[in-house]
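Chemist: Input: one structure, supplied below.
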Amino acid sequence: MMQNVHLAPETDEDDLYSGYNDYNPTYDTEELENDTAFQQAVRTSHGRRPPSKTSLTSSMGRPVTGAIQDGVTRPMTAVRAAGFTKAALRGSAFDPLGQSRGPAPPLEAKNEDSPEEKIRQLEKKVNELVEESCIANSCGDLKLALEKAKDAGRKERVLVRQREQVTTPENINLDLTYSVLFNLASQYSANEMYAEALNTYQVIVKNKMFSNAGRLKVNMGNIYLKQRNYSKAIKFYRMALDQIPSVHKEMRIKITQNIGVTFITTDREKMKKAFQKLIAVPLEIDEDDKYISPSDDSHTNLVIEAIKNDHLRQMERERKAMAEKYILTAAKLIAPVIETSFAVGYDWCVEVVKASQYVELANDLEINKAITYLRQKDFNQAVETLKMFEKKDSRVKSAAATNLSFLYYLENEFAQASSYADLAVNSDRYNPSALTNKGNTVFANGDYEKAAEFYKEALRNDSSCTEALYNIGLTYKKLNRLDEALDCFLKLHAILRNSAQVLYQIANVYELMEDPSQAIEWLMQLISVVPTDSRALSKLGELYDSEGDKSQAFQYYYESYRYFPSNIEVIEWLGAYYIDTQFCEKAIQYFERASLIQPTQVKWQLMVASCFRRSGNYQRALDTYKDIHRKFPENVECLRFLVRLCTDIGLKEVQEYATKLKKLEKMKEIREQRIKSGRDSSGGARGKREGSAGSDSGQNCSASSKGERLSAKLRALPGTNEPYESSSNKEIDASYLDPLGPQIERPKTAAKKRIDEDDFADEQLGDDLLPE
């Protein structure tokens, strides 16, 4: 191994790093104990030795320090600065640290009676009290925090007096004084002792010795804001803003925000004062008691009867109605903003109104409060507020019961809705809203004739009750009195020119009257009002389709799909349209979307596979059928298509699918035989049921004839032009080559009405029950 090791040859060149490890042995302190000369020098008096023959002398005749005389080196003599003295070295061992002198004397005991010590202890106690006060405040014990702060203030004043006696006033601890006063003011404010807090803050602010004390004017402004002294609050906020330098941007922004909040709160107070002034405006009209005859005097009765409805009395009524309207409107406007919540604001308005001459308006404000709850969808609070009026006078009781009936009707609690509707009608027979709600509950029970009577009575009491007019039109539709229904909706259209609901109902009535041109005309007006209504667009497409105008029908169906791409009826029509026009590849996207919407319906996936097959993409069609078979292994139609495709393409899987198909067909045959045997055993009862079913089916066929047009058309789509139609497999019936045939039941193409008559109450009520 060492054969391959080659040592570097020695050279005469100088080593670059030589001399770095050499040092003077004089500095070798580790060998001092073994140095005989040094030890001897230490033990002798300053290391003086007899002079040597070869000693070196100075100019004064004294041997040079460090010189060697007689073989002995003279020791260093300048050792006094290192702690060596002549007396200490005589007869003593080397002790440079002075350890032989024993322990140090004990520390001098503190004199606790000295003024300085008393001041220090008192200052420590003051700091502890301030900390305890802050901790108590953070724990929520405001009373204890205030007591600690007061105690700290008392002790701090004692501390100041003691310092003044011992030292000069310049040595007073201003930071401690500031902390004590600031904490005391904060605790006063936390305990809502605002006058004491302001006085304490004033002491701090006026003392010029406290730096940056002007910032505390923000706290003073906050106190004035709590006292609702908004002018002083704004004044102190602005003073604080002036004293804070511009470099403190965040603090200046917060103070500016406080000023803005104070201005807003000032507006709230101004609104309250304005409302109180509005309430205090005298009406200067006579009381209603003036028009009540106090006796049976015929002459007096004639005079009262004459002035009861004269022009002056009418003017008084108008003035009172106008005043009540202004007061209610003002209360509605300010109640949500004058307090922290609208409920508290309404309560304040109610209290103010109760203390005025308009005491009867307090009930109306309470009802408005309940309606506000209703608009916020807080039904429990609304019901609880309205139930308080069940024992009030008849007018208020009727209004509250009307709203309660409306609420229970919305929750489909028709028994409760009917009960409160009866209470509202009995309390005020001339209340059109109560009569309309009573008609709604009767309508829900299927008594359309009686519902129409209630609506008519509501219209007799108030001809401008649009809700009753709308509902009676729906009732006439239910009764198949289409001319009267059309008359009601046309009258309503003259009042509500741009009501989408009314326009739809007119178009629907014309459709029921088999006048499609008029129906299309009114639907065109409807989509001019609501151009994105997918139901109206699909209805237009259906009407154009029934008229044979395929291009217009496609346009409106496509627009409906664009706004609402999840309507199965529209998706099916568009897919069938593309199949009818021989664009099967375009129909695929619609049937794929339908399969996403209804993933459990196999018919949509069969339609997708059929479109692939019709467009010549047999591999995609085969893959789709296989995927359908994995999801729906008992679907006979899918297996038939798989057998047919595998046979035409020549795949080995055909036998497997054919075996599965035979098993399923056999199971289906057994099931049908069992059903047939069960029907045969029923005898005559079966005949009756068949007769009944036949009549029902006949009605259904006549009613759904429009809906079946598309299905018949899809079944009639040609299937003989397909490439594999000449297959030798004759066991597959030709009808199965078209998945849109009779094996697949599709929904009717007739679009559902945009407004369901059974849900008419939601459409017509709206703000009907809101007191006017």
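Identifiers in the structure tokens: chain A, B, ... in order shown; residue index from 1 per chain; ligand index from 1 in order shown.
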Could you pull out the residues in range 220-400 of chain A that DSSP calls helix (DSSP H, G or I) from the backbone, as number ranges by chain?
Modeler: A: 220-226, 230-243, 249-280, 288-291, 298-307, 311-338, 342-354, 361-375, 379-389, 394-400
Chemist: Could you pull the residues within 10 Å of Met388 in chain A, counting only C-alpha atoms, minus those fewer than 2 positions along the same chain, as JSON, numbers by chain?
Modeler: {"A": [366, 367, 383, 384, 385, 386, 390, 391, 392, 397, 400]}
Chemist: Go ahead and write the selection's residues with N, CA and C atoms as a compact mmCIF listing (two decimals), in the first residue's frame.
Modeler:
# COMPACT_ATOMS: atom_id res chain seq x y z
N GLU A 366 -98.04 50.46 15.08
CA GLU A 366 -97.73 49.09 15.51
C GLU A 366 -97.94 48.11 14.37
N ILE A 367 -99.01 48.33 13.59
CA ILE A 367 -99.26 47.44 12.44
C ILE A 367 -98.16 47.62 11.39
N VAL A 383 -96.29 37.89 13.49
CA VAL A 383 -97.51 37.29 14.07
C VAL A 383 -97.66 37.70 15.52
N GLU A 384 -96.58 37.70 16.26
CA GLU A 384 -96.65 38.06 17.68
C GLU A 384 -97.10 39.51 17.85
N THR A 385 -96.63 40.40 16.97
CA THR A 385 -97.04 41.81 17.06
C THR A 385 -98.50 41.99 16.69
N LEU A 386 -98.95 41.29 15.67
CA LEU A 386 -100.33 41.45 15.21
C LEU A 386 -101.34 40.86 16.19
N GLU A 390 -105.87 41.73 18.86
CA GLU A 390 -107.11 40.95 18.79
C GLU A 390 -108.19 41.51 19.71
N LYS A 391 -107.79 42.22 20.76
CA LYS A 391 -108.77 42.76 21.71
C LYS A 391 -108.92 44.27 21.59
N LYS A 392 -108.41 44.85 20.50
CA LYS A 392 -108.54 46.29 20.30
C LYS A 392 -109.87 46.59 19.61
N LYS A 397 -108.58 45.89 14.86
CA LYS A 397 -108.68 44.43 14.89
C LYS A 397 -108.82 43.88 13.48
N ALA A 400 -105.38 44.06 11.70
CA ALA A 400 -104.45 43.05 12.21
C ALA A 400 -104.86 41.65 11.77
Chemist: Which residues are close to Ile259 in chain A, i.e. within 9 Å by only C-alpha atoms, leaving aside same-chain residues fewer than 2 positions away? Reply as a list of chain:residue names.
Modeler: A:Ala233, A:Ile234, A:Tyr237, A:Arg238, A:Lys254, A:Ile255, A:Thr256, A:Gln257, A:Val261, A:Thr262, A:Phe263, A:Ile264
Chemist: For Glu585 in chain A, list every protein, DNA or RNA residue within 10 Å, evaluated using only C-alpha atoms, and leave out those in the same chain fewer than 6 positions away; present the list as a ChimeraX atom specification.
Modeler: /A:575,578-579,608,611-617
Chemist: Go through range 368-424 of chain A and flag each residue having an atom no more than 10 Å from range 435-440 of chain A; for those, report the closest pair of atoms plus their distance in Å to one decimal, using only C-alpha atoms, ordered by chain and rising number, as CSV.
Modeler:
residue,atom,partner,partner_atom,distance
A:Thr402,CA,A:Asn437,CA,7.2
A:Asn403,CA,A:Asn437,CA,9.2
A:Ser405,CA,A:Asn437,CA,6.9
A:Phe406,CA,A:Asn437,CA,6.8
A:Tyr409,CA,A:Asn440,CA,8.4
A:Phe414,CA,A:Asn440,CA,9.3
A:Ala417,CA,A:Asn437,CA,8.1
A:Ser418,CA,A:Lys438,CA,6.3
A:Ser419,CA,A:Lys438,CA,9.0
A:Tyr420,CA,A:Lys438,CA,8.7
A:Ala421,CA,A:Lys438,CA,5.1
A:Asp422,CA,A:Lys438,CA,6.8
A:Leu423,CA,A:Lys438,CA,9.8
A:Ala424,CA,A:Leu435,CA,8.2
Chemist: Which of these, A:Val442, A:Ala197, A:Ala401, A:Cys349, has the shortest distance to Val425 in chain A once you count only C-alpha atoms?
Modeler: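 Under the stated criterion, the closest residue is A:Ala401.
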Chemist: Contacts of Ala185 in chain A at 9 Å or less, counting only C-alpha atoms, minus same-chain residues fewer than 5 places along, as a PyMOL selection string?
Modeler: chain A and resi 149+180+190+194+196-201
Chemist: For CA of Tyr558 in chain A and CA of Ile520 in chain A, quote the distance in Å rounded to one decimal.
Modeler: 17.0 Å
Chemist: In Å to one decimal, how far is CA of Tyr188 in chain A from CA of Ile204 in chain A?
Modeler: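 Here the two named atoms are 14.3 Å from each other.
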Chemist: Give me, as an MDAnalysis selection string, all polymer residues having an atom no more than 12 Å from Ser610 in chain A, counting only C-alpha atoms and skipping those fewer than 2 positions away in the same chain.
Modeler: chainID A and resid 575:576 579 584:585 587:588 591:592 603:608 612:625 637:638 641:642 645 719 722 736:741
Chemist: Next, dump the selected residues to file, keeping only N, CA and C atoms, as a tab-separated table (two decimals), in the first residue's frame.
Modeler:
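Final output, saved to out-v1.tsv:
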chain	number	residue	atom	x	y	z
A	575	GLY	N	-83.92	19.37	-29.46
A	575	GLY	CA	-83.27	18.15	-29.94
A	575	GLY	C	-84.07	17.49	-31.04
A	576	ALA	N	-85.39	17.42	-30.87
A	576	ALA	CA	-86.23	16.81	-31.90
A	576	ALA	C	-86.23	17.64	-33.19
A	579	ILE	N	-83.14	16.77	-35.10
A	579	ILE	CA	-83.28	15.44	-35.70
A	579	ILE	C	-84.20	15.51	-36.91
A	584	CYS	N	-78.39	15.66	-36.77
A	584	CYS	CA	-78.36	14.88	-35.53
A	584	CYS	C	-77.18	15.26	-34.63
A	585	GLU	N	-76.06	15.65	-35.25
A	585	GLU	CA	-74.89	15.98	-34.42
A	585	GLU	C	-75.14	17.22	-33.56
A	587	ALA	N	-78.11	17.92	-32.29
A	587	ALA	CA	-79.07	17.52	-31.24
A	587	ALA	C	-78.37	16.88	-30.05
A	588	ILE	N	-77.14	16.41	-30.25
A	588	ILE	CA	-76.45	15.68	-29.19
A	588	ILE	C	-76.27	16.55	-27.95
A	591	PHE	N	-79.49	16.71	-25.80
A	591	PHE	CA	-79.83	15.49	-25.07
A	591	PHE	C	-78.78	15.19	-23.99
A	592	GLU	N	-77.54	15.58	-24.22
A	592	GLU	CA	-76.54	15.41	-23.17
A	592	GLU	C	-76.86	16.29	-21.97
A	603	LYS	N	-83.81	7.46	-21.10
A	603	LYS	CA	-84.21	7.83	-22.46
A	603	LYS	C	-83.29	8.90	-23.06
A	604	TRP	N	-82.79	9.84	-22.22
A	604	TRP	CA	-81.93	10.87	-22.77
A	604	TRP	C	-80.61	10.29	-23.26
A	605	GLN	N	-80.06	9.36	-22.54
A	605	GLN	CA	-78.80	8.75	-22.96
A	605	GLN	C	-79.01	7.88	-24.21
A	606	LEU	N	-80.18	7.24	-24.30
A	606	LEU	CA	-80.48	6.49	-25.52
A	606	LEU	C	-80.59	7.42	-26.72
A	607	MET	N	-81.14	8.63	-26.49
A	607	MET	CA	-81.23	9.59	-27.59
A	607	MET	C	-79.85	10.06	-28.03
A	608	VAL	N	-78.94	10.25	-27.07
A	608	VAL	CA	-77.57	10.64	-27.42
A	608	VAL	C	-76.92	9.56	-28.28
A	612	PHE	N	-75.58	9.72	-32.28
A	612	PHE	CA	-74.28	9.28	-32.77
A	612	PHE	C	-74.44	8.27	-33.90
A	613	ARG	N	-75.40	7.35	-33.73
A	613	ARG	CA	-75.61	6.31	-34.73
A	613	ARG	C	-76.14	6.91	-36.03
A	614	ARG	N	-77.07	7.88	-35.91
A	614	ARG	CA	-77.65	8.48	-37.12
A	614	ARG	C	-76.62	9.32	-37.87
A	615	SER	N	-75.67	9.93	-37.13
A	615	SER	CA	-74.67	10.75	-37.80
A	615	SER	C	-73.50	9.92	-38.32
A	616	GLY	N	-73.54	8.58	-38.17
A	616	GLY	CA	-72.51	7.71	-38.72
A	616	GLY	C	-71.33	7.46	-37.79
A	617	ASN	N	-71.37	7.96	-36.59
A	617	ASN	CA	-70.28	7.75	-35.64
A	617	ASN	C	-70.60	6.50	-34.82
A	618	TYR	N	-70.37	5.30	-35.43
A	618	TYR	CA	-70.80	4.04	-34.80
A	618	TYR	C	-69.95	3.69	-33.58
A	619	GLN	N	-68.68	4.06	-33.60
A	619	GLN	CA	-67.84	3.73	-32.44
A	619	GLN	C	-68.31	4.50	-31.20
A	620	ARG	N	-68.61	5.83	-31.37
A	620	ARG	CA	-69.12	6.60	-30.24
A	620	ARG	C	-70.48	6.07	-29.80
A	621	ALA	N	-71.29	5.65	-30.78
A	621	ALA	CA	-72.59	5.10	-30.44
A	621	ALA	C	-72.43	3.82	-29.63
A	622	LEU	N	-71.49	2.93	-30.07
A	622	LEU	CA	-71.26	1.68	-29.35
A	622	LEU	C	-70.77	1.95	-27.92
A	623	ASP	N	-69.84	2.89	-27.79
A	623	ASP	CA	-69.32	3.23	-26.46
A	623	ASP	C	-70.43	3.78	-25.57
A	624	THR	N	-71.29	4.59	-26.16
A	624	THR	CA	-72.40	5.16	-25.37
A	624	THR	C	-73.36	4.08	-24.93
A	625	TYR	N	-73.69	3.14	-25.83
A	625	TYR	CA	-74.60	2.04	-25.44
A	625	TYR	C	-73.97	1.18	-24.35
A	637	GLU	N	-84.00	-2.20	-24.39
A	637	GLU	CA	-83.72	-1.48	-25.63
A	637	GLU	C	-82.22	-1.30	-25.84
A	638	CYS	N	-81.50	-0.96	-24.76
A	638	CYS	CA	-80.05	-0.79	-24.89
A	638	CYS	C	-79.39	-2.09	-25.33
A	641	PHE	N	-79.95	-2.68	-29.06
A	641	PHE	CA	-79.06	-1.88	-29.89
A	641	PHE	C	-77.64	-2.42	-29.86
A	642	LEU	N	-77.19	-2.89	-28.71
A	642	LEU	CA	-75.85	-3.45	-28.60
A	642	LEU	C	-75.70	-4.70	-29.46
A	645	LEU	N	-75.57	-3.53	-33.15
A	645	LEU	CA	-74.32	-2.87	-33.51
A	645	LEU	C	-73.15	-3.85	-33.52
A	719	GLY	N	-86.27	5.88	-40.45
A	719	GLY	CA	-85.14	5.10	-39.96
A	719	GLY	C	-84.62	4.13	-41.00
A	722	GLU	N	-80.66	4.30	-42.68
A	722	GLU	CA	-79.47	4.10	-41.88
A	722	GLU	C	-78.58	3.04	-42.54
A	736	TYR	N	-87.26	-0.59	-32.99
A	736	TYR	CA	-86.22	-0.37	-31.98
A	736	TYR	C	-85.02	0.36	-32.56
A	737	LEU	N	-85.00	0.52	-33.89
A	737	LEU	CA	-83.90	1.25	-34.48
A	737	LEU	C	-83.99	2.74	-34.19
A	738	ASP	N	-85.12	3.21	-33.73
A	738	ASP	CA	-85.31	4.63	-33.44
A	738	ASP	C	-85.62	4.79	-31.95
A	739	PRO	N	-84.69	5.29	-31.16
A	739	PRO	CA	-84.95	5.41	-29.72
A	739	PRO	C	-86.01	6.45	-29.40
A	740	LEU	N	-86.39	7.26	-30.35
A	740	LEU	CA	-87.44	8.24	-30.10
A	740	LEU	C	-88.82	7.66	-30.38
A	741	GLY	N	-88.89	6.33	-30.53
A	741	GLY	CA	-90.14	5.67	-30.86
A	741	GLY	C	-91.01	5.43	-29.66
Chemist: Calculated over only C-alpha atoms, which of the candidates A:Ser517, A:Thr475, A:Asn191, A:Asn461 has the smallest distance to Gly446 in chain A?
Modeler: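 Nearest to Gly446 in chain A: A:Thr475.
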Chemist: Tell me, in Å to one decimal, how far CA of Ala399 in chain A is from CA of Gln416 in chain A.
Modeler: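 Computing it gives 15.8 Å between the two atoms.
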Chemist: Which residues, written as a PDB file with N, CA, C and O atoms, in the first residue's frame, have at least one atom at most 12 Å from Glu547 in chain A, with only C-alpha atoms counted and residues fewer than 3 positions away on the same chain left out?
Modeler:
ATOM      1  N   GLU A 514    -109.058  29.403 -28.077  1.00  0.00           N
ATOM      2  CA  GLU A 514    -108.574  28.916 -29.373  1.00  0.00           C
ATOM      3  C   GLU A 514    -108.447  30.042 -30.386  1.00  0.00           C
ATOM      4  O   GLU A 514    -108.873  29.942 -31.538  1.00  0.00           O
ATOM      5  N   ASP A 515    -107.835  31.137 -29.903  1.00  0.00           N
ATOM      6  CA  ASP A 515    -107.527  32.269 -30.779  1.00  0.00           C
ATOM      7  C   ASP A 515    -106.016  32.512 -30.687  1.00  0.00           C
ATOM      8  O   ASP A 515    -105.549  33.424 -29.997  1.00  0.00           O
ATOM      9  N   PRO A 516    -105.206  31.669 -31.361  1.00  0.00           N
ATOM     10  CA  PRO A 516    -103.754  31.759 -31.195  1.00  0.00           C
ATOM     11  C   PRO A 516    -103.163  33.072 -31.685  1.00  0.00           C
ATOM     12  O   PRO A 516    -102.154  33.526 -31.146  1.00  0.00           O
ATOM     13  N   SER A 517    -103.730  33.683 -32.684  1.00  0.00           N
ATOM     14  CA  SER A 517    -103.165  34.943 -33.181  1.00  0.00           C
ATOM     15  C   SER A 517    -103.222  36.035 -32.112  1.00  0.00           C
ATOM     16  O   SER A 517    -102.252  36.774 -31.898  1.00  0.00           O
ATOM     17  N   ALA A 519    -103.475  35.446 -28.887  1.00  0.00           N
ATOM     18  CA  ALA A 519    -102.590  35.001 -27.798  1.00  0.00           C
ATOM     19  C   ALA A 519    -101.146  35.388 -28.109  1.00  0.00           C
ATOM     20  O   ALA A 519    -100.415  35.872 -27.226  1.00  0.00           O
ATOM     21  N   ILE A 520    -100.733  35.201 -29.375  1.00  0.00           N
ATOM     22  CA  ILE A 520     -99.369  35.571 -29.760  1.00  0.00           C
ATOM     23  C   ILE A 520     -99.164  37.074 -29.634  1.00  0.00           C
ATOM     24  O   ILE A 520     -98.121  37.545 -29.157  1.00  0.00           O
ATOM     25  N   LEU A 540     -94.531  31.208 -26.549  1.00  0.00           N
ATOM     26  CA  LEU A 540     -94.583  31.724 -27.914  1.00  0.00           C
ATOM     27  C   LEU A 540     -94.094  30.675 -28.911  1.00  0.00           C
ATOM     28  O   LEU A 540     -94.694  30.487 -29.985  1.00  0.00           O
ATOM     29  N   GLY A 541     -93.018  29.985 -28.573  1.00  0.00           N
ATOM     30  CA  GLY A 541     -92.542  28.925 -29.448  1.00  0.00           C
ATOM     31  C   GLY A 541     -93.573  27.834 -29.639  1.00  0.00           C
ATOM     32  O   GLY A 541     -93.761  27.313 -30.749  1.00  0.00           O
ATOM     33  N   GLU A 542     -94.275  27.478 -28.562  1.00  0.00           N
ATOM     34  CA  GLU A 542     -95.313  26.442 -28.659  1.00  0.00           C
ATOM     35  C   GLU A 542     -96.454  26.880 -29.574  1.00  0.00           C
ATOM     36  O   GLU A 542     -96.948  26.082 -30.399  1.00  0.00           O
ATOM     37  N   LEU A 543     -96.862  28.164 -29.436  1.00  0.00           N
ATOM     38  CA  LEU A 543     -97.965  28.647 -30.272  1.00  0.00           C
ATOM     39  C   LEU A 543     -97.554  28.697 -31.746  1.00  0.00           C
ATOM     40  O   LEU A 543     -98.340  28.318 -32.634  1.00  0.00           O
ATOM     41  N   TYR A 544     -96.342  29.180 -32.015  1.00  0.00           N
ATOM     42  CA  TYR A 544     -95.882  29.195 -33.408  1.00  0.00           C
ATOM     43  C   TYR A 544     -95.745  27.774 -33.955  1.00  0.00           C
ATOM     44  O   TYR A 544     -96.023  27.522 -35.143  1.00  0.00           O
ATOM     45  N   LYS A 550     -92.254  26.779 -38.115  1.00  0.00           N
ATOM     46  CA  LYS A 550     -91.136  26.152 -37.422  1.00  0.00           C
ATOM     47  C   LYS A 550     -89.993  27.130 -37.172  1.00  0.00           C
ATOM     48  O   LYS A 550     -89.321  27.054 -36.127  1.00  0.00           O
ATOM     49  N   SER A 551     -89.730  28.016 -38.102  1.00  0.00           N
ATOM     50  CA  SER A 551     -88.604  28.941 -37.934  1.00  0.00           C
ATOM     51  C   SER A 551     -88.822  29.878 -36.751  1.00  0.00           C
ATOM     52  O   SER A 551     -87.925  30.098 -35.923  1.00  0.00           O
ATOM     53  N   GLN A 552     -90.051  30.439 -36.645  1.00  0.00           N
ATOM     54  CA  GLN A 552     -90.358  31.299 -35.501  1.00  0.00           C
ATOM     55  C   GLN A 552     -90.381  30.501 -34.196  1.00  0.00           C
ATOM     56  O   GLN A 552     -89.920  30.972 -33.160  1.00  0.00           O
ATOM     57  N   ALA A 553     -90.923  29.295 -34.284  1.00  0.00           N
ATOM     58  CA  ALA A 553     -90.957  28.443 -33.085  1.00  0.00           C
ATOM     59  C   ALA A 553     -89.538  28.159 -32.618  1.00  0.00           C
ATOM     60  O   ALA A 553     -89.241  28.242 -31.405  1.00  0.00           O
ATOM     61  N   LYS A 706    -102.137  18.243 -28.068  1.00  0.00           N
ATOM     62  CA  LYS A 706    -101.043  19.111 -28.521  1.00  0.00           C
ATOM     63  C   LYS A 706     -99.709  18.570 -28.051  1.00  0.00           C
ATOM     64  O   LYS A 706     -98.713  18.636 -28.748  1.00  0.00           O
TER      65      LYS A 706
END
